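> Sharing work26.pdb (PDB, C-alpha atoms) below.
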```
ATOM      1  CA  MET X   1       5.153  44.509  54.046
ATOM      2  CA  SER X   2       5.757  43.117  50.563
ATOM      3  CA  ALA X   3       3.898  44.434  47.517
ATOM      4  CA  PRO X   4       0.425  42.984  46.968
ATOM      5  CA  HIS X   5       0.038  40.281  44.312
ATOM      6  CA  THR X   6      -2.701  40.664  41.739
ATOM      7  CA  ASN X   7      -1.932  37.560  39.674
ATOM      8  CA  PRO X   8      -3.545  34.442  41.212
ATOM      9  CA  LEU X   9      -0.830  32.300  39.604
ATOM     10  CA  ASP X  10       1.686  33.955  41.955
ATOM     11  CA  HIS X  11      -0.156  32.581  44.978
ATOM     12  CA  PRO X  12       2.074  30.433  47.246
ATOM     13  CA  GLU X  13      -0.280  27.444  46.943
ATOM     14  CA  VAL X  14       0.051  27.590  43.163
ATOM     15  CA  ARG X  15       3.818  28.025  43.299
ATOM     16  CA  MET X  16       4.242  25.041  45.660
ATOM     17  CA  ALA X  17       3.251  22.581  42.889
ATOM     18  CA  SER X  18       6.246  20.406  42.102
ATOM     19  CA  ALA X  19       6.589  17.636  39.539
ATOM     20  CA  TRP X  20       9.296  15.764  41.440
ATOM     21  CA  ARG X  21       7.261  15.859  44.648
ATOM     22  CA  TYR X  22       4.158  14.460  42.950
ATOM     23  CA  ILE X  23       6.100  11.778  41.080
ATOM     24  CA  SER X  24       7.920  10.830  44.298
ATOM     25  CA  GLY X  25       4.598  10.630  46.152
ATOM     26  CA  PHE X  26       3.118   8.458  43.432
ATOM     27  CA  ILE X  27       6.095   6.071  43.394
ATOM     28  CA  ALA X  28       6.320   5.898  47.204
ATOM     29  CA  SER X  29       2.616   5.107  47.573
ATOM     30  CA  MET X  30       2.724   2.527  44.767
ATOM     31  CA  VAL X  31       5.746   0.751  46.229
ATOM     32  CA  LEU X  32       4.291   0.692  49.754
ATOM     33  CA  MET X  33       0.944  -0.674  48.565
ATOM     34  CA  GLN X  34       2.724  -3.260  46.409
ATOM     35  CA  ALA X  35       4.718  -4.330  49.478
ATOM     36  CA  ALA X  36       1.512  -4.612  51.517
ATOM     37  CA  PHE X  37      -0.036  -6.699  48.752
ATOM     38  CA  ILE X  38       2.937  -9.097  48.724
ATOM     39  CA  VAL X  39       2.730  -9.476  52.515
ATOM     40  CA  THR X  40      -0.993 -10.224  52.159
ATOM     41  CA  LEU X  41      -0.392 -12.892  49.521
ATOM     42  CA  ARG X  42       2.160 -14.706  51.672
ATOM     43  CA  GLN X  43      -0.121 -14.753  54.755
ATOM     44  CA  HIS X  44       2.558 -16.496  56.824
ATOM     45  CA  PRO X  45       2.769 -14.325  59.958
ATOM     46  CA  PRO X  46       0.210 -14.604  62.768
ATOM     47  CA  TYR X  47      -2.728 -12.209  62.505
ATOM     48  CA  GLU X  48      -1.412  -9.593  64.983
ATOM     49  CA  GLN X  49       1.983  -9.415  63.292
ATOM     50  CA  TYR X  50       0.370  -9.271  59.872
ATOM     51  CA  ALA X  51      -2.043  -6.486  60.908
ATOM     52  CA  LEU X  52       0.782  -4.439  62.428
ATOM     53  CA  THR X  53       2.948  -4.842  59.312
ATOM     54  CA  ILE X  54       0.144  -3.809  56.991
ATOM     55  CA  ALA X  55      -0.854  -0.902  59.254
ATOM     56  CA  GLY X  56       2.762   0.302  59.291
ATOM     57  CA  LEU X  57       2.963   0.214  55.491
ATOM     58  CA  ALA X  58      -0.371   2.040  55.229
ATOM     59  CA  LEU X  59       0.788   4.679  57.709
ATOM     60  CA  ALA X  60       3.986   5.210  55.707
ATOM     61  CA  SER X  61       1.894   5.590  52.557
ATOM     62  CA  LEU X  62      -0.424   8.121  54.227
ATOM     63  CA  VAL X  63       2.510  10.142  55.582
ATOM     64  CA  SER X  64       4.166  10.180  52.160
ATOM     65  CA  GLN X  65       0.900  11.382  50.618
ATOM     66  CA  ALA X  66       0.513  14.105  53.250
ATOM     67  CA  ALA X  67       4.062  15.337  52.734
ATOM     68  CA  LEU X  68       4.460  14.847  48.980
ATOM     69  CA  PHE X  69       0.971  15.123  47.494
ATOM     70  CA  PHE X  70      -0.675  17.537  49.948
ATOM     71  CA  GLY X  71       2.621  19.326  50.626
ATOM     72  CA  LEU X  72       1.796  19.678  54.316
ATOM     73  CA  ASP X  73       4.526  21.301  56.392
ATOM     74  CA  ILE X  74       4.903  24.142  58.877
ATOM     75  CA  SER X  75       5.391  26.869  56.278
ATOM     76  CA  ARG X  76       3.256  30.008  56.570
ATOM     77  CA  ALA X  77       1.053  28.836  53.697
ATOM     78  CA  GLN X  78       0.387  25.358  55.079
ATOM     79  CA  ILE X  79       0.701  25.450  58.841
ATOM     80  CA  TRP X  80      -3.006  25.712  59.655
ATOM     81  CA  LYS X  81      -3.812  22.793  57.393
ATOM     82  CA  SER X  82      -1.120  20.740  59.123
ATOM     83  CA  VAL X  83      -2.372  21.736  62.587
ATOM     84  CA  SER X  84      -6.012  20.963  61.757
ATOM     85  CA  LEU X  85      -5.016  17.575  60.334
ATOM     86  CA  VAL X  86      -2.985  16.706  63.435
ATOM     87  CA  LEU X  87      -5.993  17.616  65.586
ATOM     88  CA  THR X  88      -8.434  15.614  63.421
ATOM     89  CA  VAL X  89      -6.469  12.352  63.141
ATOM     90  CA  PRO X  90      -7.036  11.462  66.848
ATOM     91  CA  LEU X  91     -10.773  12.112  66.368
ATOM     92  CA  PHE X  92     -10.787   9.709  63.417
ATOM     93  CA  VAL X  93      -8.872   7.027  65.313
ATOM     94  CA  LEU X  94     -10.978   7.442  68.461
ATOM     95  CA  SER X  95     -14.248   7.340  66.489
ATOM     96  CA  VAL X  96     -13.357   4.020  64.910
ATOM     97  CA  GLY X  97     -11.383   2.558  67.820
ATOM     98  CA  LEU X  98     -13.883   3.327  70.562
ATOM     99  CA  THR X  99     -16.809   2.080  68.488
ATOM    100  CA  VAL X 100     -15.038  -1.213  67.756
ATOM    101  CA  TRP X 101     -13.983  -1.576  71.380
ATOM    102  CA  MET X 102     -17.485  -0.838  72.656
ATOM    103  CA  PHE X 103     -19.187  -3.341  70.353
ATOM    104  CA  GLN X 104     -16.456  -5.923  70.897
ATOM    105  CA  SER X 105     -17.038  -5.703  74.658
ATOM    106  CA  LEU X 106     -20.792  -5.819  74.157
ATOM    107  CA  ALA X 107     -20.573  -8.882  71.922
ATOM    108  CA  ALA X 108     -18.315 -10.681  74.384
ATOM    109  CA  ARG X 109     -20.877 -10.135  77.174
ATOM    110  CA  THR X 110     -24.134 -10.656  75.328
ATOM    111  CA  MET X 111     -23.588 -12.789  72.235
ATOM    112  CA  LEU X 112     -23.115 -16.474  72.893
ATOM    113  CA  MET X 113     -21.054 -17.404  69.858
ATOM    114  CA  PRO X 114     -18.779 -20.428  69.638
ATOM    115  CA  ALA X 115     -15.173 -19.294  69.366
ATOM    116  CA  THR X 116     -14.846 -20.972  65.978
ATOM    117  CA  THR X 117     -17.403 -18.648  64.403
ATOM    118  CA  MET X 118     -15.651 -15.480  65.515
ATOM    119  CA  GLN X 119     -13.817 -13.515  62.876
ATOM    120  CA  PRO X 120     -10.472 -12.110  64.085
ATOM    121  CA  THR X 121     -10.590  -8.337  64.497
ATOM    122  CA  LEU X 122      -8.070  -5.649  65.282
ATOM    123  CA  LEU X 123      -8.696  -6.159  68.991
ATOM    124  CA  GLN X 124      -7.985  -9.874  68.957
TER     125      GLN X 124
ATOM    126  CA  MET K   1      -0.910  49.600  56.723
ATOM    127  CA  SER K   2       0.472  49.831  60.200
ATOM    128  CA  THR K   3      -0.164  47.201  62.826
ATOM    129  CA  GLN K   4       1.452  49.309  65.573
ATOM    130  CA  ALA K   5      -0.862  50.416  68.351
ATOM    131  CA  ALA K   6      -0.396  53.514  70.445
ATOM    132  CA  PRO K   7       1.237  52.866  73.839
ATOM    133  CA  GLY K   8      -1.388  51.630  76.267
ATOM    134  CA  ALA K   9      -3.991  51.030  73.573
ATOM    135  CA  ALA K  10      -5.361  47.602  72.766
ATOM    136  CA  PRO K  11      -3.611  46.050  69.748
ATOM    137  CA  ARG K  12      -5.580  46.207  66.502
ATOM    138  CA  LEU K  13      -6.458  42.657  65.479
ATOM    139  CA  PHE K  14      -8.415  43.128  62.263
ATOM    140  CA  HIS K  15     -10.016  45.682  59.951
ATOM    141  CA  PRO K  16     -13.694  44.888  59.293
ATOM    142  CA  HIS K  17     -13.771  46.418  55.811
ATOM    143  CA  PHE K  18     -10.239  45.598  54.728
ATOM    144  CA  ALA K  19     -10.506  43.855  51.355
ATOM    145  CA  GLY K  20      -6.886  42.766  51.135
ATOM    146  CA  HIS K  21      -7.176  39.398  52.869
ATOM    147  CA  ASP K  22      -5.831  36.385  51.023
ATOM    148  CA  GLN K  23      -9.047  35.161  49.436
ATOM    149  CA  ILE K  24      -7.461  32.069  47.866
ATOM    150  CA  SER K  25      -5.918  30.856  51.134
ATOM    151  CA  ALA K  26      -9.162  31.519  53.000
ATOM    152  CA  ARG K  27     -11.048  29.375  50.494
ATOM    153  CA  THR K  28      -8.530  26.518  50.481
ATOM    154  CA  LEU K  29      -8.383  26.443  54.294
ATOM    155  CA  GLY K  30     -12.180  26.466  54.491
ATOM    156  CA  PHE K  31     -12.411  23.632  52.005
ATOM    157  CA  TRP K  32      -9.668  21.719  53.848
ATOM    158  CA  LEU K  33     -11.693  21.931  57.063
ATOM    159  CA  TYR K  34     -14.743  20.658  55.181
ATOM    160  CA  MET K  35     -12.680  17.677  53.968
ATOM    161  CA  LEU K  36     -11.583  16.881  57.518
ATOM    162  CA  SER K  37     -15.234  16.785  58.566
ATOM    163  CA  ASP K  38     -15.888  14.585  55.542
ATOM    164  CA  ALA K  39     -13.170  12.257  56.843
ATOM    165  CA  LEU K  40     -15.242  11.828  60.012
ATOM    166  CA  ILE K  41     -18.149  10.605  57.873
ATOM    167  CA  PHE K  42     -15.778   7.935  56.598
ATOM    168  CA  ALA K  43     -14.773   7.240  60.212
ATOM    169  CA  ALA K  44     -18.429   6.474  61.014
ATOM    170  CA  VAL K  45     -18.698   4.140  58.006
ATOM    171  CA  PHE K  46     -15.392   2.442  58.884
ATOM    172  CA  ALA K  47     -16.639   1.949  62.456
ATOM    173  CA  ALA K  48     -19.864   0.348  61.194
ATOM    174  CA  TYR K  49     -17.849  -1.897  58.881
ATOM    175  CA  ALA K  50     -15.513  -2.932  61.708
ATOM    176  CA  VAL K  51     -18.423  -3.788  64.003
ATOM    177  CA  LEU K  52     -20.273  -5.861  61.384
ATOM    178  CA  ASN K  53     -17.213  -7.611  59.975
ATOM    179  CA  ASN K  54     -17.868 -10.991  61.613
ATOM    180  CA  ARG K  55     -19.862 -14.125  60.845
ATOM    181  CA  MET K  56     -22.820 -12.958  62.882
ATOM    182  CA  GLY K  57     -22.878  -9.691  60.903
ATOM    183  CA  ALA K  58     -22.700 -11.734  57.700
ATOM    184  CA  ALA K  59     -25.852 -13.664  58.736
ATOM    185  CA  GLY K  60     -24.847 -16.717  56.723
ATOM    186  CA  GLY K  61     -23.899 -14.628  53.707
ATOM    187  CA  PRO K  62     -20.488 -13.846  52.276
ATOM    188  CA  ILE K  63     -17.800 -12.050  54.254
ATOM    189  CA  ALA K  64     -14.669 -10.102  53.310
ATOM    190  CA  PRO K  65     -12.591 -12.955  51.790
ATOM    191  CA  GLN K  66     -15.543 -13.889  49.536
ATOM    192  CA  VAL K  67     -16.358 -10.364  48.324
ATOM    193  CA  THR K  68     -12.925  -8.724  48.052
ATOM    194  CA  ASN K  69     -10.009  -9.428  45.790
ATOM    195  CA  PRO K  70      -6.667  -7.899  46.889
ATOM    196  CA  LEU K  71      -5.228  -8.057  43.348
ATOM    197  CA  GLU K  72      -8.201  -6.237  41.859
ATOM    198  CA  GLY K  73      -7.932  -3.733  44.702
ATOM    199  CA  LEU K  74      -4.274  -3.207  43.810
ATOM    200  CA  TRP K  75      -5.221  -2.262  40.219
ATOM    201  CA  GLN K  76      -7.769   0.162  41.635
ATOM    202  CA  THR K  77      -5.072   1.599  43.900
ATOM    203  CA  TYR K  78      -2.777   2.138  40.920
ATOM    204  CA  ALA K  79      -5.619   3.789  38.992
ATOM    205  CA  VAL K  80      -6.583   6.206  41.760
ATOM    206  CA  LEU K  81      -2.975   7.081  42.595
ATOM    207  CA  GLY K  82      -2.263   7.581  38.885
ATOM    208  CA  SER K  83      -5.309   9.808  38.594
ATOM    209  CA  VAL K  84      -4.138  11.933  41.522
ATOM    210  CA  ALA K  85      -0.624  12.125  40.090
ATOM    211  CA  THR K  86      -1.808  13.252  36.635
ATOM    212  CA  TYR K  87      -4.122  15.902  38.093
ATOM    213  CA  SER K  88      -1.309  17.091  40.361
ATOM    214  CA  LEU K  89       1.092  17.282  37.415
ATOM    215  CA  GLY K  90      -1.579  19.334  35.647
ATOM    216  CA  THR K  91      -1.379  21.854  38.480
ATOM    217  CA  VAL K  92       2.375  22.118  37.859
ATOM    218  CA  ALA K  93       1.413  23.464  34.414
ATOM    219  CA  LEU K  94      -0.835  25.948  36.234
ATOM    220  CA  LYS K  95       2.288  27.714  37.544
ATOM    221  CA  SER K  96       3.153  28.830  34.027
ATOM    222  CA  GLY K  97      -0.445  29.536  33.041
ATOM    223  CA  ASN K  98      -0.414  26.639  30.585
ATOM    224  CA  LYS K  99      -4.109  25.945  29.941
ATOM    225  CA  ALA K 100      -3.460  22.962  27.666
ATOM    226  CA  GLY K 101      -1.214  21.340  30.294
ATOM    227  CA  VAL K 102      -3.773  21.775  33.068
ATOM    228  CA  MET K 103      -6.601  20.442  30.891
ATOM    229  CA  LEU K 104      -4.521  17.472  29.750
ATOM    230  CA  GLY K 105      -3.818  16.588  33.389
ATOM    231  CA  ILE K 106      -7.536  16.793  34.165
ATOM    232  CA  ILE K 107      -8.518  14.645  31.165
ATOM    233  CA  LEU K 108      -6.008  11.931  32.119
ATOM    234  CA  ALA K 109      -7.200  12.097  35.725
ATOM    235  CA  ILE K 110     -10.796  11.573  34.569
ATOM    236  CA  ALA K 111      -9.784   8.620  32.378
ATOM    237  CA  LEU K 112      -7.997   6.857  35.256
ATOM    238  CA  ALA K 113     -10.858   7.664  37.628
ATOM    239  CA  LEU K 114     -13.255   5.979  35.192
ATOM    240  CA  VAL K 115     -11.019   2.881  35.209
ATOM    241  CA  PHE K 116     -11.209   2.901  39.013
ATOM    242  CA  LEU K 117     -14.988   3.297  38.997
ATOM    243  CA  GLY K 118     -15.293   0.559  36.385
ATOM    244  CA  PHE K 119     -13.658  -1.929  38.768
ATOM    245  CA  GLU K 120     -15.881  -0.712  41.597
ATOM    246  CA  ALA K 121     -19.089  -0.905  39.573
ATOM    247  CA  HIS K 122     -18.129  -4.379  38.346
ATOM    248  CA  ASP K 123     -17.669  -5.552  41.945
ATOM    249  CA  LEU K 124     -20.847  -4.063  43.337
ATOM    250  CA  LEU K 125     -23.073  -5.004  40.390
ATOM    251  CA  GLY K 126     -21.658  -8.543  40.483
ATOM    252  CA  LEU K 127     -22.545  -8.839  44.170
ATOM    253  CA  MET K 128     -26.065  -7.578  43.595
ATOM    254  CA  ALA K 129     -26.564  -9.815  40.562
ATOM    255  CA  ARG K 130     -26.049 -12.903  42.721
ATOM    256  CA  GLY K 131     -28.379 -11.665  45.441
ATOM    257  CA  ASP K 132     -25.716 -10.315  47.783
ATOM    258  CA  GLY K 133     -27.022  -6.771  47.838
ATOM    259  CA  VAL K 134     -27.236  -4.210  50.581
ATOM    260  CA  THR K 135     -30.233  -5.936  52.226
ATOM    261  CA  ARG K 136     -28.588  -9.390  52.385
ATOM    262  CA  SER K 137     -26.745  -8.834  55.695
ATOM    263  CA  GLY K 138     -25.362  -6.219  58.031
ATOM    264  CA  TYR K 139     -21.868  -6.936  56.774
ATOM    265  CA  LEU K 140     -22.831  -6.410  53.127
ATOM    266  CA  SER K 141     -24.717  -3.222  54.038
ATOM    267  CA  ALA K 142     -21.593  -1.808  55.650
ATOM    268  CA  PHE K 143     -19.304  -3.035  52.858
ATOM    269  CA  ILE K 144     -21.429  -1.695  50.013
ATOM    270  CA  ILE K 145     -22.096   1.637  51.734
ATOM    271  CA  LEU K 146     -18.366   2.069  52.430
ATOM    272  CA  ILE K 147     -17.364   1.363  48.832
ATOM    273  CA  ALA K 148     -20.262   3.347  47.387
ATOM    274  CA  THR K 149     -19.587   6.366  49.621
ATOM    275  CA  HIS K 150     -16.050   6.539  48.293
ATOM    276  CA  GLY K 151     -17.272   5.907  44.730
ATOM    277  CA  LEU K 152     -19.800   8.727  45.066
ATOM    278  CA  HIS K 153     -17.000  11.084  46.079
ATOM    279  CA  MET K 154     -15.100  10.003  42.963
ATOM    280  CA  VAL K 155     -18.164  10.714  40.796
ATOM    281  CA  PHE K 156     -18.497  14.210  42.280
ATOM    282  CA  GLY K 157     -14.784  14.764  41.641
ATOM    283  CA  ILE K 158     -15.222  13.802  37.981
ATOM    284  CA  ILE K 159     -18.203  16.180  37.648
ATOM    285  CA  TRP K 160     -16.113  18.937  39.254
ATOM    286  CA  MET K 161     -13.282  18.247  36.773
ATOM    287  CA  LEU K 162     -15.702  18.403  33.840
ATOM    288  CA  VAL K 163     -16.887  21.801  35.091
ATOM    289  CA  MET K 164     -13.274  22.979  35.297
ATOM    290  CA  LEU K 165     -12.671  21.789  31.729
ATOM    291  CA  VAL K 166     -15.385  24.255  30.705
ATOM    292  CA  GLN K 167     -14.319  27.092  33.007
ATOM    293  CA  ILE K 168     -10.601  27.097  32.191
ATOM    294  CA  PRO K 169     -11.013  28.020  28.497
ATOM    295  CA  THR K 170     -13.978  30.346  29.093
ATOM    296  CA  LEU K 171     -12.944  32.195  32.278
ATOM    297  CA  GLY K 172      -9.157  31.745  32.169
ATOM    298  CA  PHE K 173      -7.064  31.518  35.326
ATOM    299  CA  SER K 174      -9.052  34.028  37.363
ATOM    300  CA  ALA K 175      -8.789  34.031  41.161
ATOM    301  CA  ASN K 176     -12.017  32.010  41.400
ATOM    302  CA  VAL K 177     -10.903  29.394  38.885
ATOM    303  CA  VAL K 178      -7.471  29.050  40.505
ATOM    304  CA  ALA K 179      -9.044  28.610  43.955
ATOM    305  CA  ARG K 180     -11.372  25.935  42.550
ATOM    306  CA  LEU K 181      -8.454  24.117  40.917
ATOM    307  CA  LEU K 182      -6.518  24.162  44.203
ATOM    308  CA  ASN K 183      -9.530  22.895  46.143
ATOM    309  CA  LEU K 184     -10.099  20.187  43.562
ATOM    310  CA  ARG K 185      -6.483  19.088  43.903
ATOM    311  CA  MET K 186      -6.979  18.630  47.647
ATOM    312  CA  PHE K 187     -10.318  16.889  47.150
ATOM    313  CA  TRP K 188      -8.847  14.491  44.618
ATOM    314  CA  GLN K 189      -5.803  13.675  46.745
ATOM    315  CA  PHE K 190      -8.162  13.084  49.659
ATOM    316  CA  GLN K 191      -9.928  10.382  47.632
ATOM    317  CA  ALA K 192      -6.624   8.529  47.147
ATOM    318  CA  THR K 193      -5.879   8.816  50.865
ATOM    319  CA  ILE K 194      -9.275   7.376  51.814
ATOM    320  CA  TRP K 195      -8.908   4.621  49.232
ATOM    321  CA  VAL K 196      -5.559   3.528  50.709
ATOM    322  CA  VAL K 197      -7.281   3.103  54.077
ATOM    323  CA  ILE K 198     -10.154   1.170  52.471
ATOM    324  CA  TYR K 199      -7.778  -1.014  50.489
ATOM    325  CA  VAL K 200      -5.636  -1.879  53.483
ATOM    326  CA  TYR K 201      -8.452  -2.409  55.953
ATOM    327  CA  VAL K 202     -11.112  -4.038  53.761
ATOM    328  CA  TYR K 203      -9.235  -5.703  50.928
ATOM    329  CA  MET K 204      -6.062  -6.784  52.729
ATOM    330  CA  ILE K 205      -6.773  -7.251  56.424
ATOM    331  CA  GLY K 206     -10.273  -8.441  55.524
ATOM    332  CA  ALA K 207      -8.848 -11.055  53.175
ATOM    333  CA  PHE K 208      -6.583 -12.525  55.834
TER     334      PHE K 208
END
```
In structure tokens, write the structure found in this file.

Amino acid sequence: MSAPHTNPLDHPEVRMASAWRYISGFIASMVLMQAAFIVTLRQHPPYEQYALTIAGLALASLVSQAALFFGLDISRAQIWKSVSLVLTVPLFVLSVGLTVWMFQSLAARTMLMPATTMQPTLLQ
Amino acid sequence: MSTQAAPGAAPRLFHPHFAGHDQISARTLGFWLYMLSDALIFAAVFAAYAVLNNRMGAAGGPIAPQVTNPLEGLWQTYAVLGSVATYSLGTVALKSGNKAGVMLGIILAIALALVFLGFEAHDLLGLMARGDGVTRSGYLSAFIILIATHGLHMVFGIIWMLVMLVQIPTLGFSANVVARLLNLRMFWQFQATIWVVIYVYVYMIGAF
């Protein structure tokens, strides 16, 4: 067993701070959001293709933030944060996805709306 | 301290009165789990927004393309990401015990967060000034609550940073202060993560 540390600044979560990682995370997120903004301005692709492109760019931005800003990995210091995040993401997606799906199905069966008044959603 | 058990005996899993546990890691993991539960609050608000984001939910009032501006959202994204980056760079100074460096990072993070909140307040107050407040329609209720929930988190983060600006010079980098700074770093980065989701889903896909 290694010697105990008494200085909080020697803690692994303090030592993991890294200027290049934070600057890389900042630049990566900025570039990805800028790209998503340009795709939005052009608005040429059909809705499904557009939504998938934007979602892909957002996912890349979130992954870069998790890896570079949060520093999540499978090291001893970070593994339980990584595991809990991996277990929570499906809950987040299911919470939103199932609610949208449920109300979308309900609206289709109970709300008599002309097709022209419907706003496109992620399920259309 | 030995973790070896005698042959045939049950392995020793913990010591009830052992004070040598990693207090900082325990606090950061606990706060991380709180943030994940906080993310599920945002999931509920996102779900409400998704359900009400249609013309029926708008009840004749404005909808996403009329109340969101992707360019303005992009400036807000830059501000919140810049705020996270400056705070994070402040925690690099923490490694060397540089109080001035940490405090400078916090001050810059607060300044950029105020820019972000200025855009947000301008948007929401503008909507309310023209009668498109939270009671106007289901869509506007969901939109305003979503934006305000995130904005409220940002306000709490700024208050937390102001407290740290007092505690760093008075208490120094004690174990408690260091744990709070680490938790604040996670909390602040979490705000940028949530904002990216809001920006993409509300400001971009909504504007399509």
> Given the PyMOL selection byres ((chain X and resi 70-86) around 8) and the file above, list the residues it selects as a list in words.
Pro12, Glu13, Met16, Gln65, Ala66, Ala67, Leu68, Phe69, Leu87, Thr88, Val89 and Pro90 of chain X; Ser25, Leu29, Trp32, Leu33, Leu36, Met186 and Gln189 of chain K
> From the list X:Leu106, X:Ile38, X:Ala17, X:Leu32, which residue is nearest chain K when using all atoms listed in the file?
X:Ala17
> Translate the PyMOL selection byres ((chain X and resi 60-62) around 8), as applied to the file shown, into an explicit residue set as a list in words.
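Checking the PyMOL selection byres ((chain X and resi 60-62) around 8) against this file, the residues are Ala28, Ser29, Leu32, Met33, Gly56, Leu57, Ala58, Leu59, Val63, Ser64, Gln65 and Ala66 of chain X; Thr193 and Val196 of chain K.
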> Emit as JSON the padded axis-aligned box for all listed atoms of region 70-73 of chain K, 4 Å per side, with centre and edge lengths in Å to one decimal.

```
{"center_x": -6.7, "center_y": -5.9, "center_z": 44.4, "size_x": 11.0, "size_y": 12.3, "size_z": 13.0}
```
> What gap, in Å, lies between CA of Tyr22 (chain X) and CA of Ala85 (chain K)?
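Straight-line distance from CA of Tyr22 (chain X) to CA of Ala85 (chain K) works out to 6.0 Å.
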> Expand the PyMOL selection byres ((chain K and resi 164) around 10) into the explicit residue set it covers here, and present it as a list in words.
Val102, Met103, Ile106, Ile158, Ile159, Trp160, Met161, Leu162, Val163, Leu165, Val166, Gln167, Ile168, Pro169, Thr170, Leu171, Val177, Val178, Arg180, Leu181 and Leu184 of chain K
> Between CA of Val39 (chain X) and CA of Ile54 (chain X), what distance in Å does the model show, to one decimal?
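Separating CA of Val39 (chain X) from CA of Ile54 (chain X) is a distance of 7.7 Å.
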> Taking (-12.1, 25.9, 48.3) as a centre in this file's frame and 7 Å as the limit, can you find every polymer residue with an atom that close, using all atoms listed in the file, and give them as a PyMOL selection string?
chain K and resi 27-28+30-31+179-180+183
> Once you have the residues from the selection above, write them out as a short mmCIF file (atom, residue, chain, number, x, y, z; two decimals), keeping the file's coordinate frame, restricted to C-alpha atoms.

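Contents of part-v6.cif, freshly written:
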```cif
data_model
loop_
_atom_site.label_atom_id
_atom_site.label_comp_id
_atom_site.auth_asym_id
_atom_site.auth_seq_id
_atom_site.Cartn_x
_atom_site.Cartn_y
_atom_site.Cartn_z
CA ARG K 27 -11.05 29.38 50.49
CA THR K 28 -8.53 26.52 50.48
CA GLY K 30 -12.18 26.47 54.49
CA PHE K 31 -12.41 23.63 52.00
CA ALA K 179 -9.04 28.61 43.96
CA ARG K 180 -11.37 25.94 42.55
CA ASN K 183 -9.53 22.90 46.14
#
```
> Might you pull out every residue within 10 Å of Leu124 (chain K), with all atoms listed in the file counted and same-chain residues fewer than 6 positions away left off, and present them as a PyMOL selection string?
chain K and resi 67+132-134+143-144+147-148
> Give me a file of those residues, with C-alpha atoms, as a compact mmCIF listing (two decimals), in the frame of the given file.

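Saved to out_32.txt:
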```txt
# COMPACT_ATOMS: atom_id res chain seq x y z
CA VAL K 67 -16.36 -10.36 48.32
CA ASP K 132 -25.72 -10.32 47.78
CA GLY K 133 -27.02 -6.77 47.84
CA VAL K 134 -27.24 -4.21 50.58
CA PHE K 143 -19.30 -3.04 52.86
CA ILE K 144 -21.43 -1.70 50.01
CA ILE K 147 -17.36 1.36 48.83
CA ALA K 148 -20.26 3.35 47.39
```
> Using only C-alpha atoms, what residues lie at most 12 Å away from (-3.2, 12.3, 37.8) (file coordinates), given as JSON, numbers by chain?
{"X": [19, 22, 23, 25, 26, 69], "K": [78, 79, 80, 81, 82, 83, 84, 85, 86, 87, 88, 89, 90, 91, 92, 101, 102, 103, 104, 105, 106, 107, 108, 109, 110, 111, 112, 113, 161, 184, 185, 188, 189, 192]}
> With all atoms listed in the file as the atoms that count, which of K:His153, K:Leu146, K:Ala207, K:Asn98 lies nearest to Gly172 (chain K)?
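So, comparing all the options, the nearest one is K:Asn98.
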